[in-house]
Amino acid sequence: MRWTARDLRSLAVGLAYLAPALAIFVVFVFVPLGRTFYLSLYNTRSTGLITTFNGLDHYIDLITSQTFRSGLVATGLFALYTVPIGIALGLVLAVLLNQRLRGISVFRTMMASTIAISAAVGSVIWLLLFNPSLGLLNYVLSLVGIRGPEWLIQPAIAVIAVSITTIWLTLGTNIIVLLAGLQGIPEEIYEAARLDGARGARMFTRITVPLVSPSLFFLLVVDTVAVLQAFTQIHLLTRGGPVDATRTLVYSIYLDAFQNFQFGFASAESVVLFVLVLGLTIIQFRFVERLVHYQ
Amino acid sequence: MRRLAALAIAVAMIAAACGGSAPGGTGTGTGTGDQSALAPGKDVKPAAKITWWHAMGGVNGEALNKIVNQFNASQSAIKVETVFQGGYDDLLSKLNTALASNAAPALVQVYDIGQRYMYDSGQVVPMQAFIDRDKFSTADFEPAVINYYKYQDKLQSMPWNASSSIFYYNKDAFGEVGLDPVKPPVTFTEITEAAKKLTKKDANGQTVRYGFGPSIYGWFFEQLLATSGSLYADNGNGRDDRATKVVYNNAAGKAILDWWKAGIDGGYFYNPGIDNAGATTAFQSGKTAMYLESSAALRGNINTAKFQVGTGLFARPDSRPKDGGNIIGGASLYIMKSRPVEEQQAAWEFVKYAMTPAVQAQWQSDTGYYAIVKAAYSEAPAKEWATKYPQFQTPVDQIRNSPQNRMTNGAVLGVFAQARARTQKMIESVLLGQATSQQALDAAAAEVNDAIDKYNKANK
Amino acid sequence: MTAVVQGQARRPLSLRKLGSYILLVVVSIVVAFPLLLALAYSFMSESEIATFPPPVLPMHPSFDNYGKVVGTIPIVRYLLNSLIVSTAVVIGQLITASLAAYAFSFLVFRGRQLLFFVFLSTLMIPWEATIIPNYMTVRSLGWLDTYQGLAVPFLATAFGTFLLRQAFLQIPRELWDAARIDGSTTFRFLREVVIPLARPALGTVAIYGFLSTYNQYFWPLLITNETLMRTTQVGIAQLRFEESTRWGLVMAGVIMVAVPTLALLVLGQRQLIRGLTAGAVKG
């Protein structure tokens with residue numbers, strides 16, 4: 001297709017409106033990304049200065065390393081524990097909060113409060129809860145007869161601990177988005193379904209879930225991206241341990257860049273992570289979005 | 001005649017050019033001569049203001065600021081501004097980023113293991129330069145401390161806060177189970193036996209007190225190697241020449257891990273993970289009866305614990321190797337080359353002030369780091385400190401009584417931060433039963449050696 | 001619908017409703033428990049905290065810890081810094097995102113789809129991939145330890161653009177056609193029709209922008225070296241490090257830092273929900 005003068009003119013107008021945002025993106029996102037990609041092809045000194053050309057060696061070293069493989073596992077487990085449970089929990093609570101009761105907004109505020117808590121603040125609070133010596137969480141569990149695990153010491157449990165913290169942090173967002181989605185369902189649809197004999201669980205699975213699926217999908221994409229890029233919780237709770245159990249790909253990048261001062265290698269890791277996130281999001285849009293019911 | 005003169009001049013010029021330590025050299029300090037030339041001239045006027053990046057938080061930070069305020073108040077020529085940059089790791093991270101863009105401050109506090117990194121950065125004005133220029137005497141400084149920070153006989157930095165890793169124990173608990181509260185265990189077997197006695201379980205079989213609970217800290221592993229008389233890295237622990245590999249996957253390393261693992265498996269050692277503060281809390285609350293920590297934690301322990309706190313020598317193998325001893329810990333001060341010479345001069349003025357006996361005595365009694373200048377011990381605050389906290393004599397004696405050799409001088413490694421993190425992962429994997437001691441040691445050594453290799457190639 | 005509502009209001013408190021309330025109370029407490037605990041601990045002394053079994057409510061509540069926080073770190077200054085930077089970012093984001101979303105919803109031009117995807121792709125770029133070069137850029141502009149350095153890289157938001165685009169798409173096409181017929185310029189339509197109608201969504205973008213900027217940790221850590229230019233999250237993390245065993249102190253700091261955002265949430269909660277209803281989630 002050829003470009004007409006009109007095409008160019010309308011493009012110019014469009015670009016004029018996009019210019020401010022685009023300028024920021026170019027300077028602070030795309031150009032740095034390019035530089036990072038460039039850096040990934042070189043060896044670097046501790047200070048980041050480029051020394052010799054390395055080609056794709058960093059990438060090869062990365063893909064074949066044990067740390068990368070365990071990083072994929074750690075990231076995968078972390079995402080698997082956090083995203084589905086977080087969204088499901090958000091849905092249940094949103095349904096609970098979708099009732100027309102007096103004072104419901106107080107409860108809504110209390111449950112959505114985690115949206116206002118930063119990852120740093122939340123992690124510090126959960127660190128106190130998981131603390132083996134001040135052991136509040138385990139003490140509360142013991143009151144109901146459960147023997148709490150060593151939260152941040154056992155590798156498998158540590159992943160769950162970071163997951164719990166992240167679920168809690170994202171609960172507010174999930175609840176608010178789903179509540180908004182639920183409120184978008186007209187009462188008439190429920191009425192009609194009730195006339196047809198739908199009740200309780202069937203009402204939920206046949207009516208509620210499909211109609212709120214745009215919100216569910218939105219959260220799936222947004223929460224997955226957030227989890228794949230989560231840093232602060234891991235930094236404050238486990239530092240990637242124990243035995244690299246929580247050393248997600250993102251945390252590896254941090255360690256390689258800011259503890260080991262291997263900027264070339266860390267840049268390669270960044271590029272790989274970017275590709276993974278991009279790929280995952282595309283997959284979600286192509287295959288999962290089909291299940292979404294748009295009104 | 002003219003030709004001879006020309007020849008003489010030519011020879012002299014060639015001789016000067018080929019001469020060992022040419023003035024202003026490469027700044028790497030490998031020359032054997034006096035380094036005064038690397039420092040600013042004596043008559044350079046010190047800058048009016050300099051910045052000092054440090055990693056002292058809480059009580060120690062307050063003590064540090066007190067000293068700086070005193071310095072600023074005592075004269076009107078120089079004002080030192082302090083900036084707390086978080087922990088040692090965070091500070092080094094920040095410094096690294098700053099160095100890449102020439103944004104470093106005049107004075108920085110970098111931890112002990114950051115030596116090689118600072119040296120290789122080429123951005124440091126060696127402290128030896130100022131020492132040689134002003135004929136500053138370090139004769140009264142603690143030898144162990146000076147030996148740690150000297151590289152090939154030159155002081156790169158000025159030791160500032162020196163600590164020692166010691167053994168803490170709960171004297172009340174000792175009395176309770178029939179152990180002698182005045183004689184703490186020192187060897188691996190002694191500690192194990194004591195821990196067995198001290199472990200207490202309740203009616204449901206749950207342990208309410210563990211005998212021994214050290215945190216998983218790379219520093220402890222380094223110390224245990226040293227008390228075992230083993231090197232950490234080759235080439236004289238990286239001091240005779242650049243280290244090319246680590247050597248701790250030897251018998252000494254295995255013995256340490258085997259001992260630690262046996263204790264965990266037996267249920268009388270406690271694993272607080274990598275959280276040093278958590279290990280201290282466990283000790284203070286009575287959850288563990290003995291543990292390892294820096295002498296810098298002494299005051300906190302005494303003030304918070306509701307029992308009598310005892311200190312003892314750091315753990316060592318049963319054979320008590322004669323050449324085994326402790327490595328000092330802590331950090332030192334570096335003057336950065338990227339700042340103007342006036343600021344370097346000002347930084348040196350402050351460093352001199354910080355090393356006076358009175359200031360050292362005050363620093364010691366306010367923190368729990370020990371004075372580096374021997375004369376400080378006869379100052380009043382130091383004497384008060386010694387009477388009030390007699391436990392404090394343990395780390396001081398321990399350092400003074402440690403033989404001075406390559407093992408106890410500590411390793412010098414460019415990738416130490418990474419190596420230390422890797423030993424922590426190694427210990428974790430053994431204690432959690434994921435690998436045998438030898439497997440874990442070998443795996444860690446392989447990875448660290450690879451990193452050393454890359455580092456050496458990049459910093460030729 | 002009104003008949004149903006009125007009917008419910010007149011009925012006495014049924015068992016079902018009571019059950020709902022109880023459930024709501026229990027669940028709310030469980031979800032808000034960590035925050036409530038932080039609040040409780042902030043009023044406790046250190047020796048009270050370090051006892052076993054661990055306490056839940058303070059016996060002798062006092063504001064001591066709060067005083068200590070103020071004495072240990074310049075928290076008021078941190079709060080101010082965070083406030084200034086967050087506000088600047090919000091204003092910037094509203095402007096850039098509105099303009100961009102307008103282009104993606106009402107304007108027609110070739111390459112629009114591609115450019116939209118380009119915008120979205122920025123959401124997937126991990127921040128580590130850009131942070132070092134960004135540091136270099138900011139440094140060479142002389143923006144270290146400045147408000148500009150903290151704010152400018154974040155003045156555009158793909159998330160906000162996306163949200164506003166969805167909201168703008170909800171505006172009836174007839175209004176646009178009518179405005180065209182009236183001879184209104186593109187920009188006038190944006191300013192006089194779109195913006196007012198999309199207020200809820202704009203509110204949501206503002207709140208999100210404020211919260212995410214306020215909650216940033218790594219970037220402020222990286223580019224601020226001077227104590228007085230630090231922001232709240234960096235201050236809190238430092239407090240946690242410095243006072244690693246003084247939990248009461250740390251919790252007081254945590255509460256002080258969380259109060260502004262919690263207040264914002266309480267005030268803007270309805271706004272947030274309305275904004276989200278009007279926009280993205282309907283697809």
# chains A, B, ... in the order shown; residues from 1 in each chain; ligands from 1
call {"tool": "closest_atom_pairs", "arguments": {"of": "chain B", "to": "chain A", "cutoff": "8 Å", "atoms": "only C-alpha atoms", "output": "Markdown table"}}
result
| residue | atom | partner | partner_atom | distance |
| --- | --- | --- | --- | --- |
| B:Asp89 | CA | A:Gln259 | CA | 7.3 |
| B:Ser93 | CA | A:Phe258 | CA | 5.5 |
| B:Asn96 | CA | A:Thr47 | CA | 5.8 |
| B:Thr97 | CA | A:Thr47 | CA | 6.7 |
| B:Leu99 | CA | A:Thr47 | CA | 6.6 |
| B:Ala100 | CA | A:Thr47 | CA | 5.0 |
| B:Ser121 | CA | A:Thr47 | CA | 7.9 |
| B:Asn271 | CA | A:Ile153 | CA | 7.6 |
| B:Pro272 | CA | A:Ile153 | CA | 7.1 |
| B:Gly273 | CA | A:Ile153 | CA | 5.5 |
| B:Gly278 | CA | A:Ser133 | CA | 6.8 |
| B:Thr281 | CA | A:Ser133 | CA | 6.5 |
| B:Ala282 | CA | A:Ser133 | CA | 5.3 |
| B:Ser285 | CA | A:Ser133 | CA | 7.7 |
| B:Lys287 | CA | A:Ser133 | CA | 7.3 |
| B:Val415 | CA | A:Asn260 | CA | 6.9 |
| B:Ala417 | CA | A:Gln259 | CA | 6.6 |
| B:Gln418 | CA | A:Asn260 | CA | 5.5 |
| B:Lys425 | CA | A:Val243 | CA | 4.9 |
| B:Met426 | CA | A:Val243 | CA | 7.4 |
| B:Glu428 | CA | A:Val243 | CA | 5.9 |
| B:Ser429 | CA | A:Val243 | CA | 5.9 |
| B:Leu432 | CA | A:Gln154 | CA | 7.4 |
| B:Tyr455 | CA | A:Arg45 | CA | 7.8 |
| B:Ala458 | CA | A:Arg45 | CA | 5.7 |
| B:Asn459 | CA | A:Arg45 | CA | 6.9 |
call {"tool": "interface_residues", "arguments": {"of": "chain B", "to": "chain C", "cutoff": "8 Å", "atoms": "only C-alpha atoms", "output": "PDB file with N, CA, C and O atoms, in the first residue's frame"}}
result
ATOM      1  N   MET B  56      27.924   3.143  58.365  1.00  0.00           N
ATOM      2  CA  MET B  56      27.636   2.951  59.789  1.00  0.00           C
ATOM      3  C   MET B  56      26.237   3.456  60.110  1.00  0.00           C
ATOM      4  O   MET B  56      25.957   4.647  59.979  1.00  0.00           O
ATOM      5  N   GLY B  57      25.367   2.503  60.512  1.00  0.00           N
ATOM      6  CA  GLY B  57      24.015   2.908  60.844  1.00  0.00           C
ATOM      7  C   GLY B  57      23.787   2.847  62.322  1.00  0.00           C
ATOM      8  O   GLY B  57      24.649   2.434  63.090  1.00  0.00           O
ATOM      9  N   GLY B  58      22.601   3.248  62.729  1.00  0.00           N
ATOM     10  CA  GLY B  58      22.208   3.120  64.133  1.00  0.00           C
ATOM     11  C   GLY B  58      23.181   3.788  65.080  1.00  0.00           C
ATOM     12  O   GLY B  58      23.662   4.897  64.849  1.00  0.00           O
ATOM     13  N   VAL B  83      27.577  11.038  54.617  1.00  0.00           N
ATOM     14  CA  VAL B  83      26.377  10.501  53.995  1.00  0.00           C
ATOM     15  C   VAL B  83      26.335   8.992  54.258  1.00  0.00           C
ATOM     16  O   VAL B  83      27.264   8.274  53.908  1.00  0.00           O
ATOM     17  N   PHE B  84      25.248   8.555  54.889  1.00  0.00           N
ATOM     18  CA  PHE B  84      25.080   7.123  55.147  1.00  0.00           C
ATOM     19  C   PHE B  84      24.548   6.468  53.876  1.00  0.00           C
ATOM     20  O   PHE B  84      23.511   6.862  53.357  1.00  0.00           O
ATOM     21  N   GLN B  85      25.264   5.476  53.377  1.00  0.00           N
ATOM     22  CA  GLN B  85      24.881   4.874  52.103  1.00  0.00           C
ATOM     23  C   GLN B  85      24.327   3.462  52.253  1.00  0.00           C
ATOM     24  O   GLN B  85      24.312   2.710  51.292  1.00  0.00           O
ATOM     25  N   GLY B  86      23.873   3.115  53.458  1.00  0.00           N
ATOM     26  CA  GLY B  86      23.339   1.772  53.626  1.00  0.00           C
ATOM     27  C   GLY B  86      24.425   0.821  54.090  1.00  0.00           C
ATOM     28  O   GLY B  86      25.417   1.242  54.651  1.00  0.00           O
ATOM     29  N   GLY B  87      24.242  -0.459  53.866  1.00  0.00           N
ATOM     30  CA  GLY B  87      25.216  -1.447  54.323  1.00  0.00           C
ATOM     31  C   GLY B  87      26.460  -1.434  53.448  1.00  0.00           C
ATOM     32  O   GLY B  87      26.528  -0.741  52.440  1.00  0.00           O
ATOM     33  N   LYS B  94      27.058   1.424  45.154  1.00  0.00           N
ATOM     34  CA  LYS B  94      26.926   2.835  44.820  1.00  0.00           C
ATOM     35  C   LYS B  94      28.253   3.403  44.353  1.00  0.00           C
ATOM     36  O   LYS B  94      28.318   4.163  43.400  1.00  0.00           O
ATOM     37  N   SER B 101      31.191   7.097  36.600  1.00  0.00           N
ATOM     38  CA  SER B 101      30.859   8.409  36.058  1.00  0.00           C
ATOM     39  C   SER B 101      31.473   9.522  36.867  1.00  0.00           C
ATOM     40  O   SER B 101      30.963  10.626  36.919  1.00  0.00           O
ATOM     41  N   ALA B 277      21.134 -10.364  62.099  1.00  0.00           N
ATOM     42  CA  ALA B 277      20.353  -9.736  63.165  1.00  0.00           C
ATOM     43  C   ALA B 277      19.426 -10.759  63.803  1.00  0.00           C
ATOM     44  O   ALA B 277      19.193 -10.730  65.013  1.00  0.00           O
ATOM     45  N   GLY B 278      18.902 -11.677  62.978  1.00  0.00           N
ATOM     46  CA  GLY B 278      18.027 -12.728  63.503  1.00  0.00           C
ATOM     47  C   GLY B 278      18.761 -13.643  64.465  1.00  0.00           C
ATOM     48  O   GLY B 278      18.213 -14.044  65.493  1.00  0.00           O
ATOM     49  N   THR B 281      19.034 -11.796  67.674  1.00  0.00           N
ATOM     50  CA  THR B 281      17.756 -11.784  68.390  1.00  0.00           C
ATOM     51  C   THR B 281      17.502 -13.128  69.051  1.00  0.00           C
ATOM     52  O   THR B 281      17.040 -13.188  70.194  1.00  0.00           O
ATOM     53  N   SER B 285      17.031 -13.497  73.040  1.00  0.00           N
ATOM     54  CA  SER B 285      15.752 -13.938  73.596  1.00  0.00           C
ATOM     55  C   SER B 285      15.859 -15.306  74.233  1.00  0.00           C
ATOM     56  O   SER B 285      14.877 -15.848  74.722  1.00  0.00           O
ATOM     57  N   THR B 304      20.727  -5.617  75.973  1.00  0.00           N
ATOM     58  CA  THR B 304      19.384  -6.163  75.731  1.00  0.00           C
ATOM     59  C   THR B 304      19.117  -7.493  76.423  1.00  0.00           C
ATOM     60  O   THR B 304      17.982  -7.749  76.823  1.00  0.00           O
TER      61      THR B 304
END
call {"tool": "interface_residues", "arguments": {"of": "chain C", "to": "chain A", "cutoff": "7 Å", "atoms": "only C-alpha atoms", "output": "PyMOL selection string"}}
result
chain C and resi 24+28+31-32+34+38+50+54+96-97+99-100+103+107-110+124-126+128-130+133-134+153+155-156+211+215+233+237+254+258+261-262+265-266+273-274+276-277+281-283
call {"tool": "atom_distance", "arguments": {"atom1": "atom CA of Ala376 of chain B", "atom2": "atom CA of Met355 of chain B"}}
result
9.3 Å
call {"tool": "select_by_dssp", "arguments": {"residues": "segment 108-238 of chain C", "states": "alpha helix (DSSP H)", "output": "ChimeraX atom specification"}}
result
/C:112-121,128-140,147-151,158-169,173-182,186-189,195-197,199-214,218-223,232-238
call {"tool": "residues_around", "arguments": {"residues": "Val159 of chain A", "least_positions_apart": "3", "cutoff": "7 Å", "atoms": "only C-alpha atoms", "output": "PyMOL selection string"}}
result
chain A and resi 78+155-156+162-163+245-246
call {"tool": "residues_around", "arguments": {"residues": "Ser76 of chain B", "least_positions_apart": "3", "cutoff": "12 Å", "atoms": "only C-alpha atoms", "output": "compact mmCIF listing (two decimals) with all heavy atoms, in the first residue's frame"}}
result
# COMPACT_ATOMS: atom_id res chain seq x y z
N PRO B 46 43.94 22.65 51.88
CA PRO B 46 42.83 21.70 51.90
C PRO B 46 41.51 22.37 51.53
O PRO B 46 41.30 23.54 51.82
CB PRO B 46 42.79 21.21 53.34
CG PRO B 46 43.59 22.18 54.12
CD PRO B 46 44.53 22.85 53.21
N ALA B 47 40.63 21.61 50.88
CA ALA B 47 39.34 22.15 50.46
C ALA B 47 38.48 22.50 51.67
O ALA B 47 38.68 21.97 52.75
CB ALA B 47 38.61 21.13 49.59
N ALA B 48 37.52 23.38 51.45
CA ALA B 48 36.68 23.82 52.57
C ALA B 48 35.66 22.77 52.94
O ALA B 48 35.19 22.72 54.08
CB ALA B 48 35.99 25.12 52.20
N LYS B 49 35.29 21.91 51.98
CA LYS B 49 34.24 20.95 52.27
C LYS B 49 34.51 19.65 51.54
O LYS B 49 34.86 19.65 50.36
CB LYS B 49 32.89 21.53 51.82
CG LYS B 49 31.72 20.61 52.11
CD LYS B 49 30.41 21.38 52.00
CE LYS B 49 29.54 20.95 50.86
NZ LYS B 49 29.18 19.65 50.61
N ASN B 69 31.37 15.89 63.85
CA ASN B 69 30.97 17.20 64.38
C ASN B 69 32.07 17.82 65.21
O ASN B 69 32.32 19.02 65.14
CB ASN B 69 29.70 17.07 65.22
CG ASN B 69 28.49 16.74 64.34
OD1 ASN B 69 28.50 17.01 63.15
ND2 ASN B 69 27.48 16.14 64.94
N GLN B 70 32.73 16.98 66.01
CA GLN B 70 33.84 17.49 66.81
C GLN B 70 34.94 18.05 65.92
O GLN B 70 35.50 19.11 66.19
CB GLN B 70 34.44 16.37 67.67
CG GLN B 70 33.68 16.12 68.96
CD GLN B 70 34.09 14.79 69.57
OE1 GLN B 70 33.27 14.09 70.14
NE2 GLN B 70 35.35 14.43 69.43
N PHE B 71 35.25 17.30 64.86
CA PHE B 71 36.29 17.76 63.93
C PHE B 71 35.90 19.09 63.31
O PHE B 71 36.71 20.03 63.24
CB PHE B 71 36.51 16.69 62.85
CG PHE B 71 37.49 17.10 61.79
CD1 PHE B 71 38.86 17.11 62.05
CD2 PHE B 71 37.06 17.50 60.53
CE1 PHE B 71 39.77 17.50 61.08
CE2 PHE B 71 37.96 17.87 59.55
CZ PHE B 71 39.32 17.89 59.83
N ASN B 72 34.68 19.16 62.83
CA ASN B 72 34.23 20.39 62.18
C ASN B 72 34.27 21.57 63.14
O ASN B 72 34.62 22.69 62.76
CB ASN B 72 32.80 20.22 61.64
CG ASN B 72 32.76 19.29 60.44
OD1 ASN B 72 33.77 19.04 59.81
ND2 ASN B 72 31.57 18.78 60.15
N ALA B 73 33.91 21.29 64.40
CA ALA B 73 33.88 22.37 65.38
C ALA B 73 35.28 22.79 65.81
O ALA B 73 35.50 23.94 66.20
CB ALA B 73 33.07 21.93 66.60
N LYS B 79 35.25 21.38 56.43
CA LYS B 79 33.99 20.83 56.93
C LYS B 79 33.76 19.48 56.26
O LYS B 79 33.73 19.38 55.04
CB LYS B 79 32.84 21.80 56.59
CG LYS B 79 31.51 21.36 57.16
CD LYS B 79 30.52 22.53 57.16
CE LYS B 79 29.17 22.20 57.71
NZ LYS B 79 28.40 21.14 57.25
N VAL B 80 33.60 18.45 57.08
CA VAL B 80 33.33 17.12 56.54
C VAL B 80 31.83 16.86 56.61
O VAL B 80 31.21 17.07 57.64
CB VAL B 80 34.07 16.03 57.35
CG1 VAL B 80 33.69 14.65 56.84
CG2 VAL B 80 35.58 16.24 57.25
N ALA B 346 42.28 17.65 52.29
CA ALA B 346 41.34 17.81 53.40
C ALA B 346 40.99 16.45 54.00
O ALA B 346 40.92 16.29 55.22
CB ALA B 346 40.09 18.52 52.91
call {"tool": "atom_distance", "arguments": {"atom1": "atom CA of Met127 of chain B", "atom2": "atom CA of Met158 of chain B"}}
result
6.4 Å
call {"tool": "select_by_dssp", "arguments": {"residues": "segment 270-457 of chain B", "states": "strand (DSSP E or B)", "output": "PyMOL selection string"}}
result
chain B and resi 288-294+309-312+316+329-336+370+373
call {"tool": "write_last_selection", "arguments": {"atoms": "N, CA, C and O atoms", "output": "short mmCIF file (atom, residue, chain, number, x, y, z; two decimals), in the first residue's frame"}}
result
data_model
loop_
_atom_site.label_atom_id
_atom_site.label_comp_id
_atom_site.auth_asym_id
_atom_site.auth_seq_id
_atom_site.Cartn_x
_atom_site.Cartn_y
_atom_site.Cartn_z
N THR B 288 18.77 -19.44 71.59
CA THR B 288 20.03 -20.17 71.47
C THR B 288 20.91 -19.77 72.64
O THR B 288 20.78 -18.65 73.16
N ALA B 289 21.79 -20.66 73.04
CA ALA B 289 22.61 -20.37 74.21
C ALA B 289 24.03 -19.94 73.85
O ALA B 289 24.75 -19.42 74.68
N MET B 290 24.43 -20.21 72.61
CA MET B 290 25.76 -19.79 72.18
C MET B 290 25.67 -19.41 70.71
O MET B 290 24.83 -19.96 69.97
N TYR B 291 26.49 -18.47 70.27
CA TYR B 291 26.55 -18.20 68.85
C TYR B 291 27.81 -17.42 68.52
O TYR B 291 28.60 -17.06 69.41
N LEU B 292 28.04 -17.20 67.21
CA LEU B 292 29.21 -16.46 66.76
C LEU B 292 28.74 -15.12 66.22
O LEU B 292 27.72 -15.03 65.55
N GLU B 293 29.50 -14.09 66.51
CA GLU B 293 29.17 -12.77 65.93
C GLU B 293 30.36 -11.85 66.10
O GLU B 293 31.34 -12.18 66.78
N SER B 294 30.26 -10.68 65.48
CA SER B 294 31.33 -9.69 65.57
C SER B 294 31.36 -9.10 66.98
O SER B 294 30.34 -9.03 67.66
N VAL B 309 26.06 -12.13 79.79
CA VAL B 309 26.65 -12.47 78.50
C VAL B 309 28.14 -12.74 78.65
O VAL B 309 28.87 -11.94 79.22
N GLY B 310 28.58 -13.90 78.15
CA GLY B 310 29.99 -14.22 78.20
C GLY B 310 30.59 -14.20 76.81
O GLY B 310 29.89 -14.42 75.82
N THR B 311 31.89 -13.92 76.74
CA THR B 311 32.57 -13.95 75.44
C THR B 311 33.75 -14.90 75.52
O THR B 311 34.40 -15.02 76.55
N GLY B 312 34.00 -15.57 74.42
CA GLY B 312 35.11 -16.51 74.39
C GLY B 312 35.81 -16.44 73.05
O GLY B 312 35.39 -15.74 72.13
N ARG B 316 37.58 -23.20 66.84
CA ARG B 316 38.70 -23.74 66.04
C ARG B 316 38.67 -25.26 66.12
O ARG B 316 38.04 -25.83 67.00
N GLY B 329 38.17 -7.92 61.10
CA GLY B 329 37.07 -7.55 60.22
C GLY B 329 36.86 -6.05 60.31
O GLY B 329 37.60 -5.35 60.98
N GLY B 330 35.85 -5.57 59.63
CA GLY B 330 35.56 -4.14 59.72
C GLY B 330 35.75 -3.47 58.39
O GLY B 330 35.49 -4.04 57.34
N ALA B 331 36.19 -2.22 58.44
CA ALA B 331 36.34 -1.46 57.20
C ALA B 331 37.45 -0.44 57.34
O ALA B 331 37.98 -0.22 58.43
N SER B 332 37.79 0.17 56.21
CA SER B 332 38.86 1.17 56.22
C SER B 332 38.46 2.35 55.35
O SER B 332 37.49 2.29 54.61
N LEU B 333 39.26 3.41 55.45
CA LEU B 333 38.94 4.64 54.73
C LEU B 333 39.85 4.80 53.51
O LEU B 333 41.06 4.64 53.61
N TYR B 334 39.24 5.14 52.40
CA TYR B 334 39.99 5.37 51.16
C TYR B 334 39.83 6.81 50.72
O TYR B 334 38.74 7.38 50.80
N ILE B 335 40.94 7.39 50.22
CA ILE B 335 40.87 8.73 49.64
C ILE B 335 40.84 8.56 48.13
O ILE B 335 41.67 7.87 47.54
N MET B 336 39.86 9.18 47.49
CA MET B 336 39.65 8.93 46.07
C MET B 336 40.38 9.92 45.18
O MET B 336 40.39 11.13 45.42
N TYR B 370 37.24 -1.96 68.13
CA TYR B 370 38.32 -1.65 69.06
C TYR B 370 39.30 -0.68 68.44
O TYR B 370 39.43 -0.60 67.22
N VAL B 373 44.82 2.33 67.46
CA VAL B 373 46.03 2.96 67.99
C VAL B 373 46.21 2.50 69.43
O VAL B 373 45.35 2.70 70.27
#
